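K.L.:
Quick one: the structure is below, and I'll ask about it shortly.
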Protein chains: 4
Amino acid sequence: MLNVTVWNENRHEKRNPKVSEIYPNGIHGTIAGFLAEAGFQAGTATLDEPEHGLTDEVLNRTDVLVWWGHLAHGDVKDEIVEKVKRRVLNGMGLIVLHSGHFSKIFKSLMGTSCDLKWREADDRERLWVAAPGHPIAEGIGEYIELEKEEMYGEHFDIPAPDELVFISWFEGGEVFRSGCTYSRGNGKIFYFRPGHETYPTYHNKEIQRVIVNAVKWAQPANRAYPVYGNAKPLEPISAK
Amino acid sequence: MLNVTVWNENRHEKRNPKVSEIYPNGIHGTIAGFLAEAGFQAGTATLDEPEHGLTDEVLNRTDVLVWWGHLAHGDVKDEIVEKVKRRVLNGMGLIVLHSGHFSKIFKSLMGTSCDLKWREADDRERLWVAAPGHPIAEGIGEYIELEKEEMYGEHFDIPAPDELVFISWFEGGEVFRSGCTYSRGNGKIFYFRPGHETYPTYHNKEIQRVIVNAVKWAQPANRAYPVYGNAKPLEPISAK
Amino acid sequence: MLNVTVWNENRHEKRNPKVSEIYPNGIHGTIAGFLAEAGFQAGTATLDEPEHGLTDEVLNRTDVLVWWGHLAHGDVKDEIVEKVKRRVLNGMGLIVLHSGHFSKIFKSLMGTSCDLKWREADDRERLWVAAPGHPIAEGIGEYIELEKEEMYGEHFDIPAPDELVFISWFEGGEVFRSGCTYSRGNGKIFYFRPGHETYPTYHNKEIQRVIVNAVKWAQPANRAYPVYGNAKPLEPISAK
Amino acid sequence: MLNVTVWNENRHEKRNPKVSEIYPNGIHGTIAGFLAEAGFQAGTATLDEPEHGLTDEVLNRTDVLVWWGHLAHGDVKDEIVEKVKRRVLNGMGLIVLHSGHFSKIFKSLMGTSCDLKWREADDRERLWVAAPGHPIAEGIGEYIELEKEEMYGEHFDIPAPDELVFISWFEGGEVFRSGCTYSRGNGKIFYFRPGHETYPTYHNKEIQRVIVNAVKWAQPANRAYPVYGNAKPLEPISAK
């Protein structure tokens with residue numbers, strides 16, 4: 001059974017009653033809940049736990065890590081980020097949600113600023129499927145419509161995704177690459193845009209389906225880590 | 001259970017005793033055999049059957065089609081090629097093997113000449129894994145070594161693959177993009193280089209593992225085919 | 001000096017006074033005009049000329065071919081399409097405009113249906129730059145706004161572009177991959193969405209700039225065509 | 001005229017007479033020399049200069065930066081790396097050579113370990129052109145042959161390149177993705193494998209041609225940097 005850890009900074013939930021009303025168990029609780037229903041072994045970890053809940057033991061048993069952060073990116077310790085990155089390069093899947101675009105772990109894996117345009121103005125959002133055969137789009141219609149969401153607009157300063165699964169339309173006139181896959185080392189990464197804390201986005205069944213699909217897609221391939229460093233020749237070398 | 005059809009022109013097997021000795025049930029029989037062992041519902045179809053064995057009924061129930069051809073690409077009827085192409089665009093997976101690079105179906109889906117360098121000279125081949133986290137490389141070591149194979153060399157006139165999984169080294173001095181994924185319409189395509197008819201390549205366990213992995217990877221996503229054509233607006237248009 | 005040929009079916013111009021009013025010299029005339037101003041050697045060719053104006057002599061001297069078609073894709077002779085394709089694979093650049101998505105040449109080079117959603121309803125269009133460092137976006141602001149255009153919407157059934165330069169927002173609620181680069185054989189291809197015949201889109205200075213940039217980008221690299229076929233070994237082979 | 005700065009750690013040249021014999025003016029001097037001959041404004045910068053020779057003034061006027069490092073990656077100051085990265089994201093081109101794969105700047109822009117296999121054993125290397133229409137391959141034959149070079153072998157832990165221009169064959173049995181393009185922010189990056197300090201690789205005319213081509217390709221597009229951050233709607237929002 002696939003082992004998923006849902007990480008959340010869990011700060012908005014403590015400060016803003018609007019958020020805790022929508023997510024009484026925290027964003028992490030809601031996400032871990034529907035992942036468990038989908039048949040995964042789903043745990044949670046949050047910023048204020050020791051080692052942000054991401055001990056070696058937790059990281060080593062995690063097949064796919066889901067990441068939500070916003071206010072407190074700067075409070076995430078560099079050594080924990082370094083450990084998470086090493087695990088991703090070793091094969092752990094990583095699903096980065098919404099404002100996680102500015103997390104240390106995502107910026108470090110992308111190598112770019114990950115900056116974007118944004119607006120909190122109740123834009124209607126429509127996420128169009130651009131890769132209809134992709135397993136992450138399984139079970140999804142032509143688009144997912146969200147009545148109100150925060151707007152994220154291009155230019156989104158990311159490397160060109162390996163596969164572009166969703167493109168968002170926003171009522172206020174912008175577009176956004178909303179579902180992006182990457183391979184880094186042995187690990188697979190999926191960035192998924194929606195999920196501003198003041199909207200009930202993670203209660204949406206289609207959004208849940210995308211995240212469930214993404215977890216399956218991001219699971220590690222069962223292989224030894226590549227051997228690097230000095231290598232003996234496999235064939236005779238004529239100059240010797 | 002995934003439904004796989006293994007198509008083979010089945011001509012070398014009838015003409016060349018060396019080939020029928022290596023593949024007494026035909027290349028298609030050997031491939032269907034190890035696919036069935038891997039748990040797929042595996043059937044075969046060959047050039048000389050009516051409609052080349054690819055009736056509407058067969059194509060409609062096929063989730064993934066495996067294609068081996070060489071001598072007789074020109075004998076494959078254009079209307080069958082057109083049907084196979086439509087099924088791929090509708091979601092059927094396609095695994096094109098070795099000399100299938102010059103098949104009508106592959107050339108038509110690629111849009112290029114699919115030409116390459118080649119040599120039958122017992123080159124040693126070593127297929128290096130270039131995408132260690134890819135599900136098609138699961139269970140495979142750093143490389144697959146084939147003692148003797150036909151050489152295929154760059155430039156290989158294909159579109160840049162969506163993902164490059166294997167790169168071959170040849171003893172005679174060439175390299176080749178040997179494992180290439182593509183998405184076309186709703187369908188996923190994998191081109192896999194090895195498998196010249198006079199070598200026992202499809203009896204190699206690692207080669208079999210790659211083909212098994214590729215079948216799983218290429219299975220259709222469960223979604224409705226996109227709606228094309230004239231579309232009513234989803235939002236009010238100001239000029240009206 | 002770069003040699004550009006602008007091909008147009010030139011049918012709407014003859015039938016619809018609205019079109020001939022906007023483009024008194026034809027769409028091809030307008031495009032060739034601003035390309036000449038930009039310093040290219042720009043000629044035109046149209047469907048009703050012998051060999052559609054694309055004689056061997058014309059094709060051989062053309063560095064970059066621009067293609068506009070809509071009503072009469074079916075009237076373009078297959079042997080001419082085949083010649084154009086061969087020239088593209090040999091290095092000639094190809095810029096496919098708007099309804100050219102359904103041309104024989106584009107579909108043949110893409111290998112997919114190239115289908116899409118469409119609507120003639122005076123949608124406002126905004127083409128956002130998704131690849132800010134790409135030479136095709138040089139001199140362009142954050143987006144190009146077109147007051148009224150035909151809508152093209154996802155899913156657009158194309159292979160994932162090598163580079164996605166523009167994404168369109170449409171007032172009626174859709175998005176579209178509007179500026180897509182491809183490499184096929186030795187040739188470079190750019191698909192650019194805007195340009196419905198009843199709007200003055202090709203008089204827009206930013207649209208003109210994109211097409212000028214694309215012509216420069218698509219120019220052939222000065223190299224011999226690769227050698228394909230049987231190849232002698234470059235190194236000794238041990239089995240011999 | 002394009003402004004190129006060639007950066008070199010310049011350590012092997014001071015320690016190893018074999019290296020200073022091959023490159024009496026340093027690797028940077030040789031590279032700047034042939035770039036100047038090709039018509040660029042070419043300067044140099046080295047590790048032991050103040051700010052490693054990469055003052056704000058130098059960086060701001062540099063269109064394309066060439067980077068060679070090996071022994072002393074750890075001695076490059078983080079704040080200089082950060083400045084170089086910012087310039088790349090703002091549009092400056094970056095050509096990373098050979099052992100620069102392990103430089104702080106390359107690893108930071110890639111987000112992966114950039115690790116690989118290596119061997120100093122006088123392997124023959126053959127760099128095959130995998131993208132025959134790419135401007136970086138202009139004027140190059142089917143392959144570049146280097147009589148003796150250090151071997152770099154897969155797996156090379158990099159993100160899948162945007163475009164794969166060269167693949168190397170090594171006598172000892174390995175392959176390597178040797179010419180890789182990337183886009184990061186507004187900047188273009190080219191990694192080019194050959195150039196071990198004890199071989200006269202940068203005196204090779206074809207290797208020089210590739211670097212000259214890469215500098216042209218990597219030049220900044222002339223555009224304003226994108227605007228990020230809070231954005232007013234461009235269209236009315238219904239919920240307001």
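All residue names refer to the structure tokens as shown: chains lettered A, B, ... in order, residues numbered from 1 in each chain, ligands numbered from 1 in order.
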If we count only C-alpha atoms, which residues of chain B reach to within 7 Å of chain C? Please list them as a PyMOL selection string.
P.N.:
chain B and resi 108-112+115-119+122-123+155+157-159+171-173+183-185+226+228-231+233-237+239
K.L.:
Please identify the strand (DSSP E) residues within chain C (assignment by DSSP from backbone atoms) and present them as an NGL selection string.
P.N.:
:C and (3-8 or 41-46 or 64-68 or 93-97 or 117-129 or 143-153 or 163-170 or 175-184 or 187-192 or 229-230)
K.L.:
Compile the contact shell of Ile22 in chain A as a VMD selection string: residues with an atom at most 10 Å away, counting only C-alpha atoms, same-chain residues fewer than 4 positions apart removed.
P.N.:
chain A and resid 13 17 to 18 26 to 27 30 197 to 203
K.L.:
Can you pull out the residues contacting Gly29 in chain A? Cut-off 12 Å, using only C-alpha atoms, and skip same-chain residues under 4 positions away; I want them as a PyMOL selection string.
P.N.:
chain A and resi 5-10+13+20+22-25+33-36+42-46+66+68+202-203
K.L.:
Provide the CA of Glu82 in chain C to CA of Asn222 in chain C distance in Å, to one decimal place.
P.N.:
22.6 Å
K.L.:
For the atom pair CA of Val175 in chain D and CA of Ile95 in chain D, what is the interatomic distance in Å to one decimal place?
P.N.:
21.2 Å
K.L.:
Skipping near chain neighbours, those fewer than 6 positions away, what residues fall within 6 Å of range 127-138 of chain B using only C-alpha atoms, listed as a list in words?
P.N.:
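So the residues in contact are Asn186, Gly187, Ala221, Asn222 and Arg223 of chain A; Ile144, Val165, Phe166, Ile167, Ser168, Val210, Asn213 and Ala214 of chain B; His155 of chain D.
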K.L.:
Grab the residues selected above and save them as a compact mmCIF listing (two decimals), in the first residue's frame with C-alpha atoms.
P.N.:
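Output below, filename out.txt:
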# COMPACT_ATOMS: atom_id res chain seq x y z
CA ASN A 186 14.67 9.41 -9.58
CA GLY A 187 11.67 11.38 -8.30
CA ALA A 221 9.83 3.19 -9.64
CA ASN A 222 11.28 0.16 -7.93
CA ARG A 223 14.95 0.40 -8.90
CA ILE B 144 20.88 -3.94 -20.50
CA VAL B 165 14.27 6.26 -21.39
CA PHE B 166 17.16 4.36 -23.01
CA ILE B 167 20.23 5.34 -25.04
CA SER B 168 22.15 2.55 -26.81
CA VAL B 210 10.84 -3.45 -20.43
CA ASN B 213 6.51 -2.23 -18.12
CA ALA B 214 5.75 -0.40 -21.36
CA HIS D 155 23.21 8.25 -15.70
K.L.:
Could you name the residues that touch Asp78 in chain A at 12 Å or less, counting only C-alpha atoms, but leaving out those on the same chain fewer than 2 positions away, as a ChimeraX atom specification?
P.N.:
/A:51-52,73-76,80-85,103-105,108
K.L.:
To one decimal place in Å, what is the distance between CA of Phe190 in chain C and CA of Gln219 in chain C?
P.N.:
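Spanning CA of Phe190 in chain C to CA of Gln219 in chain C is a straight-line distance of 11.2 Å.
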K.L.:
Output as a PDB file with N, CA, C and O atoms, in the first residue's frame all residues of range 29-132 of chain B that backbone DSSP marks as helix (DSSP H, G or I).
P.N.:
ATOM      1  N   GLY B  29       4.340 -14.937 -31.069  1.00  0.00           N
ATOM      2  CA  GLY B  29       4.029 -15.969 -30.085  1.00  0.00           C
ATOM      3  C   GLY B  29       4.877 -15.826 -28.834  1.00  0.00           C
ATOM      4  O   GLY B  29       4.379 -15.929 -27.708  1.00  0.00           O
ATOM      5  N   THR B  30       6.161 -15.564 -29.043  1.00  0.00           N
ATOM      6  CA  THR B  30       7.053 -15.384 -27.890  1.00  0.00           C
ATOM      7  C   THR B  30       6.634 -14.179 -27.054  1.00  0.00           C
ATOM      8  O   THR B  30       6.553 -14.261 -25.824  1.00  0.00           O
ATOM      9  N   ILE B  31       6.351 -13.077 -27.725  1.00  0.00           N
ATOM     10  CA  ILE B  31       5.994 -11.863 -26.977  1.00  0.00           C
ATOM     11  C   ILE B  31       4.653 -12.050 -26.261  1.00  0.00           C
ATOM     12  O   ILE B  31       4.514 -11.730 -25.078  1.00  0.00           O
ATOM     13  N   ALA B  32       3.662 -12.592 -26.969  1.00  0.00           N
ATOM     14  CA  ALA B  32       2.368 -12.827 -26.320  1.00  0.00           C
ATOM     15  C   ALA B  32       2.535 -13.778 -25.145  1.00  0.00           C
ATOM     16  O   ALA B  32       1.864 -13.639 -24.106  1.00  0.00           O
ATOM     17  N   GLY B  33       3.469 -14.727 -25.280  1.00  0.00           N
ATOM     18  CA  GLY B  33       3.698 -15.685 -24.201  1.00  0.00           C
ATOM     19  C   GLY B  33       4.152 -15.017 -22.911  1.00  0.00           C
ATOM     20  O   GLY B  33       3.571 -15.236 -21.852  1.00  0.00           O
ATOM     21  N   PHE B  34       5.186 -14.172 -23.010  1.00  0.00           N
ATOM     22  CA  PHE B  34       5.653 -13.571 -21.742  1.00  0.00           C
ATOM     23  C   PHE B  34       4.704 -12.488 -21.244  1.00  0.00           C
ATOM     24  O   PHE B  34       4.637 -12.227 -20.045  1.00  0.00           O
ATOM     25  N   LEU B  35       3.928 -11.895 -22.137  1.00  0.00           N
ATOM     26  CA  LEU B  35       2.916 -10.932 -21.668  1.00  0.00           C
ATOM     27  C   LEU B  35       1.802 -11.651 -20.911  1.00  0.00           C
ATOM     28  O   LEU B  35       1.308 -11.155 -19.891  1.00  0.00           O
ATOM     29  N   ALA B  36       1.414 -12.811 -21.392  1.00  0.00           N
ATOM     30  CA  ALA B  36       0.390 -13.592 -20.678  1.00  0.00           C
ATOM     31  C   ALA B  36       0.909 -14.010 -19.301  1.00  0.00           C
ATOM     32  O   ALA B  36       0.191 -13.908 -18.297  1.00  0.00           O
ATOM     33  N   GLU B  37       2.163 -14.431 -19.258  1.00  0.00           N
ATOM     34  CA  GLU B  37       2.756 -14.782 -17.957  1.00  0.00           C
ATOM     35  C   GLU B  37       2.770 -13.597 -17.000  1.00  0.00           C
ATOM     36  O   GLU B  37       2.691 -13.768 -15.790  1.00  0.00           O
ATOM     37  N   PRO B  50      -7.157 -12.305 -42.345  1.00  0.00           N
ATOM     38  CA  PRO B  50      -8.059 -11.305 -42.921  1.00  0.00           C
ATOM     39  C   PRO B  50      -7.977 -10.004 -42.112  1.00  0.00           C
ATOM     40  O   PRO B  50      -7.903 -10.051 -40.879  1.00  0.00           O
ATOM     41  N   GLU B  51      -7.973  -8.897 -42.820  1.00  0.00           N
ATOM     42  CA  GLU B  51      -7.790  -7.565 -42.202  1.00  0.00           C
ATOM     43  C   GLU B  51      -6.524  -7.536 -41.330  1.00  0.00           C
ATOM     44  O   GLU B  51      -6.471  -6.797 -40.334  1.00  0.00           O
ATOM     45  N   HIS B  52      -5.537  -8.331 -41.697  1.00  0.00           N
ATOM     46  CA  HIS B  52      -4.279  -8.453 -40.930  1.00  0.00           C
ATOM     47  C   HIS B  52      -4.549  -8.833 -39.469  1.00  0.00           C
ATOM     48  O   HIS B  52      -3.730  -8.527 -38.579  1.00  0.00           O
ATOM     49  N   GLY B  53      -5.675  -9.461 -39.212  1.00  0.00           N
ATOM     50  CA  GLY B  53      -6.010  -9.848 -37.837  1.00  0.00           C
ATOM     51  C   GLY B  53      -6.506  -8.694 -36.984  1.00  0.00           C
ATOM     52  O   GLY B  53      -6.790  -8.868 -35.802  1.00  0.00           O
ATOM     53  N   ASP B  56     -12.286  -4.642 -36.538  1.00  0.00           N
ATOM     54  CA  ASP B  56     -12.822  -3.639 -35.613  1.00  0.00           C
ATOM     55  C   ASP B  56     -12.996  -4.231 -34.228  1.00  0.00           C
ATOM     56  O   ASP B  56     -12.684  -3.593 -33.216  1.00  0.00           O
ATOM     57  N   GLU B  57     -13.482  -5.462 -34.207  1.00  0.00           N
ATOM     58  CA  GLU B  57     -13.745  -6.114 -32.918  1.00  0.00           C
ATOM     59  C   GLU B  57     -12.444  -6.261 -32.125  1.00  0.00           C
ATOM     60  O   GLU B  57     -12.407  -5.955 -30.924  1.00  0.00           O
ATOM     61  N   VAL B  58     -11.389  -6.704 -32.795  1.00  0.00           N
ATOM     62  CA  VAL B  58     -10.094  -6.864 -32.116  1.00  0.00           C
ATOM     63  C   VAL B  58      -9.561  -5.502 -31.675  1.00  0.00           C
ATOM     64  O   VAL B  58      -9.155  -5.321 -30.518  1.00  0.00           O
ATOM     65  N   LEU B  59      -9.569  -4.542 -32.573  1.00  0.00           N
ATOM     66  CA  LEU B  59      -9.012  -3.228 -32.231  1.00  0.00           C
ATOM     67  C   LEU B  59      -9.789  -2.581 -31.084  1.00  0.00           C
ATOM     68  O   LEU B  59      -9.195  -1.985 -30.188  1.00  0.00           O
ATOM     69  N   ASN B  60     -11.098  -2.725 -31.110  1.00  0.00           N
ATOM     70  CA  ASN B  60     -11.897  -2.059 -30.079  1.00  0.00           C
ATOM     71  C   ASN B  60     -11.671  -2.622 -28.686  1.00  0.00           C
ATOM     72  O   ASN B  60     -11.786  -1.897 -27.699  1.00  0.00           O
ATOM     73  N   ARG B  61     -11.337  -3.904 -28.622  1.00  0.00           N
ATOM     74  CA  ARG B  61     -11.119  -4.454 -27.275  1.00  0.00           C
ATOM     75  C   ARG B  61      -9.652  -4.393 -26.855  1.00  0.00           C
ATOM     76  O   ARG B  61      -9.318  -4.722 -25.719  1.00  0.00           O
ATOM     77  N   HIS B  73       6.298  -3.925 -44.692  1.00  0.00           N
ATOM     78  CA  HIS B  73       5.569  -2.699 -44.309  1.00  0.00           C
ATOM     79  C   HIS B  73       4.613  -2.280 -45.425  1.00  0.00           C
ATOM     80  O   HIS B  73       3.495  -1.835 -45.166  1.00  0.00           O
ATOM     81  N   GLY B  74       5.087  -2.448 -46.663  1.00  0.00           N
ATOM     82  CA  GLY B  74       4.291  -2.003 -47.799  1.00  0.00           C
ATOM     83  C   GLY B  74       3.031  -2.822 -48.025  1.00  0.00           C
ATOM     84  O   GLY B  74       2.103  -2.372 -48.707  1.00  0.00           O
ATOM     85  N   ASP B  75       2.990  -4.016 -47.467  1.00  0.00           N
ATOM     86  CA  ASP B  75       1.820  -4.877 -47.651  1.00  0.00           C
ATOM     87  C   ASP B  75       0.703  -4.579 -46.671  1.00  0.00           C
ATOM     88  O   ASP B  75      -0.396  -5.138 -46.786  1.00  0.00           O
ATOM     89  N   ASP B  78      -3.560   0.463 -46.252  1.00  0.00           N
ATOM     90  CA  ASP B  78      -3.690   1.815 -45.729  1.00  0.00           C
ATOM     91  C   ASP B  78      -4.920   1.976 -44.840  1.00  0.00           C
ATOM     92  O   ASP B  78      -4.887   2.710 -43.854  1.00  0.00           O
ATOM     93  N   GLU B  79      -6.024   1.282 -45.183  1.00  0.00           N
ATOM     94  CA  GLU B  79      -7.239   1.493 -44.369  1.00  0.00           C
ATOM     95  C   GLU B  79      -7.090   0.859 -42.988  1.00  0.00           C
ATOM     96  O   GLU B  79      -7.666   1.361 -42.022  1.00  0.00           O
ATOM     97  N   ILE B  80      -6.274  -0.194 -42.888  1.00  0.00           N
ATOM     98  CA  ILE B  80      -6.026  -0.778 -41.560  1.00  0.00           C
ATOM     99  C   ILE B  80      -5.141   0.165 -40.747  1.00  0.00           C
ATOM    100  O   ILE B  80      -5.377   0.408 -39.562  1.00  0.00           O
ATOM    101  N   VAL B  81      -4.127   0.708 -41.412  1.00  0.00           N
ATOM    102  CA  VAL B  81      -3.254   1.683 -40.742  1.00  0.00           C
ATOM    103  C   VAL B  81      -4.088   2.847 -40.219  1.00  0.00           C
ATOM    104  O   VAL B  81      -3.922   3.293 -39.076  1.00  0.00           O
ATOM    105  N   GLU B  82      -5.017   3.295 -41.043  1.00  0.00           N
ATOM    106  CA  GLU B  82      -5.865   4.433 -40.653  1.00  0.00           C
ATOM    107  C   GLU B  82      -6.705   4.086 -39.420  1.00  0.00           C
ATOM    108  O   GLU B  82      -6.858   4.907 -38.499  1.00  0.00           O
ATOM    109  N   LYS B  83      -7.219   2.863 -39.385  1.00  0.00           N
ATOM    110  CA  LYS B  83      -8.016   2.423 -38.219  1.00  0.00           C
ATOM    111  C   LYS B  83      -7.175   2.340 -36.958  1.00  0.00           C
ATOM    112  O   LYS B  83      -7.615   2.723 -35.878  1.00  0.00           O
ATOM    113  N   VAL B  84      -5.960   1.785 -37.112  1.00  0.00           N
ATOM    114  CA  VAL B  84      -5.070   1.678 -35.951  1.00  0.00           C
ATOM    115  C   VAL B  84      -4.739   3.074 -35.433  1.00  0.00           C
ATOM    116  O   VAL B  84      -4.786   3.342 -34.226  1.00  0.00           O
ATOM    117  N   LYS B  85      -4.455   3.979 -36.360  1.00  0.00           N
ATOM    118  CA  LYS B  85      -4.123   5.346 -35.961  1.00  0.00           C
ATOM    119  C   LYS B  85      -5.275   5.991 -35.198  1.00  0.00           C
ATOM    120  O   LYS B  85      -5.080   6.621 -34.155  1.00  0.00           O
ATOM    121  N   ARG B  86      -6.493   5.798 -35.709  1.00  0.00           N
ATOM    122  CA  ARG B  86      -7.663   6.376 -35.033  1.00  0.00           C
ATOM    123  C   ARG B  86      -7.801   5.810 -33.624  1.00  0.00           C
ATOM    124  O   ARG B  86      -8.118   6.537 -32.686  1.00  0.00           O
ATOM    125  N   ARG B  87      -7.545   4.503 -33.487  1.00  0.00           N
ATOM    126  CA  ARG B  87      -7.628   3.891 -32.149  1.00  0.00           C
ATOM    127  C   ARG B  87      -6.555   4.459 -31.219  1.00  0.00           C
ATOM    128  O   ARG B  87      -6.810   4.679 -30.030  1.00  0.00           O
ATOM    129  N   VAL B  88      -5.346   4.690 -31.746  1.00  0.00           N
ATOM    130  CA  VAL B  88      -4.296   5.280 -30.902  1.00  0.00           C
ATOM    131  C   VAL B  88      -4.726   6.676 -30.463  1.00  0.00           C
ATOM    132  O   VAL B  88      -4.675   7.015 -29.274  1.00  0.00           O
ATOM    133  N   LEU B  89      -5.199   7.486 -31.400  1.00  0.00           N
ATOM    134  CA  LEU B  89      -5.617   8.840 -31.028  1.00  0.00           C
ATOM    135  C   LEU B  89      -6.779   8.803 -30.035  1.00  0.00           C
ATOM    136  O   LEU B  89      -6.949   9.706 -29.226  1.00  0.00           O
ATOM    137  N   HIS B  98      11.649  -2.306 -32.699  1.00  0.00           N
ATOM    138  CA  HIS B  98      12.752  -2.490 -33.645  1.00  0.00           C
ATOM    139  C   HIS B  98      12.435  -1.954 -35.057  1.00  0.00           C
ATOM    140  O   HIS B  98      12.196  -0.764 -35.223  1.00  0.00           O
ATOM    141  N   SER B  99      12.397  -2.852 -36.050  1.00  0.00           N
ATOM    142  CA  SER B  99      12.244  -2.434 -37.441  1.00  0.00           C
ATOM    143  C   SER B  99      10.862  -1.846 -37.720  1.00  0.00           C
ATOM    144  O   SER B  99      10.625  -1.314 -38.814  1.00  0.00           O
ATOM    145  N   GLY B 100       9.988  -1.899 -36.716  1.00  0.00           N
ATOM    146  CA  GLY B 100       8.712  -1.193 -36.814  1.00  0.00           C
ATOM    147  C   GLY B 100       8.894   0.312 -36.962  1.00  0.00           C
ATOM    148  O   GLY B 100       7.935   1.019 -37.253  1.00  0.00           O
ATOM    149  N   HIS B 101      10.109   0.809 -36.772  1.00  0.00           N
ATOM    150  CA  HIS B 101      10.377   2.248 -36.971  1.00  0.00           C
ATOM    151  C   HIS B 101       9.968   2.692 -38.360  1.00  0.00           C
ATOM    152  O   HIS B 101       9.660   3.869 -38.567  1.00  0.00           O
ATOM    153  N   PHE B 102       9.981   1.746 -39.319  1.00  0.00           N
ATOM    154  CA  PHE B 102       9.655   2.114 -40.707  1.00  0.00           C
ATOM    155  C   PHE B 102       8.233   1.683 -41.084  1.00  0.00           C
ATOM    156  O   PHE B 102       7.856   1.757 -42.261  1.00  0.00           O
ATOM    157  N   LYS B 104       4.209   1.858 -41.552  1.00  0.00           N
ATOM    158  CA  LYS B 104       3.324   2.965 -41.923  1.00  0.00           C
ATOM    159  C   LYS B 104       2.721   3.625 -40.691  1.00  0.00           C
ATOM    160  O   LYS B 104       2.585   4.842 -40.629  1.00  0.00           O
ATOM    161  N   ILE B 105       2.334   2.804 -39.699  1.00  0.00           N
ATOM    162  CA  ILE B 105       1.647   3.381 -38.538  1.00  0.00           C
ATOM    163  C   ILE B 105       2.588   4.283 -37.751  1.00  0.00           C
ATOM    164  O   ILE B 105       2.201   5.378 -37.327  1.00  0.00           O
ATOM    165  N   PHE B 106       3.842   3.876 -37.586  1.00  0.00           N
ATOM    166  CA  PHE B 106       4.774   4.699 -36.806  1.00  0.00           C
ATOM    167  C   PHE B 106       5.103   5.982 -37.563  1.00  0.00           C
ATOM    168  O   PHE B 106       5.066   7.082 -36.992  1.00  0.00           O
ATOM    169  N   LYS B 107       5.407   5.858 -38.849  1.00  0.00           N
ATOM    170  CA  LYS B 107       5.748   7.054 -39.636  1.00  0.00           C
ATOM    171  C   LYS B 107       4.587   8.047 -39.663  1.00  0.00           C
ATOM    172  O   LYS B 107       4.778   9.258 -39.591  1.00  0.00           O
ATOM    173  N   SER B 108       3.384   7.493 -39.748  1.00  0.00           N
ATOM    174  CA  SER B 108       2.225   8.376 -39.819  1.00  0.00           C
ATOM    175  C   SER B 108       1.997   9.111 -38.502  1.00  0.00           C
ATOM    176  O   SER B 108       1.573  10.268 -38.480  1.00  0.00           O
ATOM    177  N   LEU B 109       2.286   8.448 -37.381  1.00  0.00           N
ATOM    178  CA  LEU B 109       2.110   9.094 -36.070  1.00  0.00           C
ATOM    179  C   LEU B 109       3.251  10.047 -35.741  1.00  0.00           C
ATOM    180  O   LEU B 109       3.078  10.972 -34.944  1.00  0.00           O
ATOM    181  N   MET B 110       4.421   9.819 -36.313  1.00  0.00           N
ATOM    182  CA  MET B 110       5.578  10.664 -36.026  1.00  0.00           C
ATOM    183  C   MET B 110       5.652  11.881 -36.945  1.00  0.00           C
ATOM    184  O   MET B 110       6.085  12.950 -36.546  1.00  0.00           O
TER     185      MET B 110
END
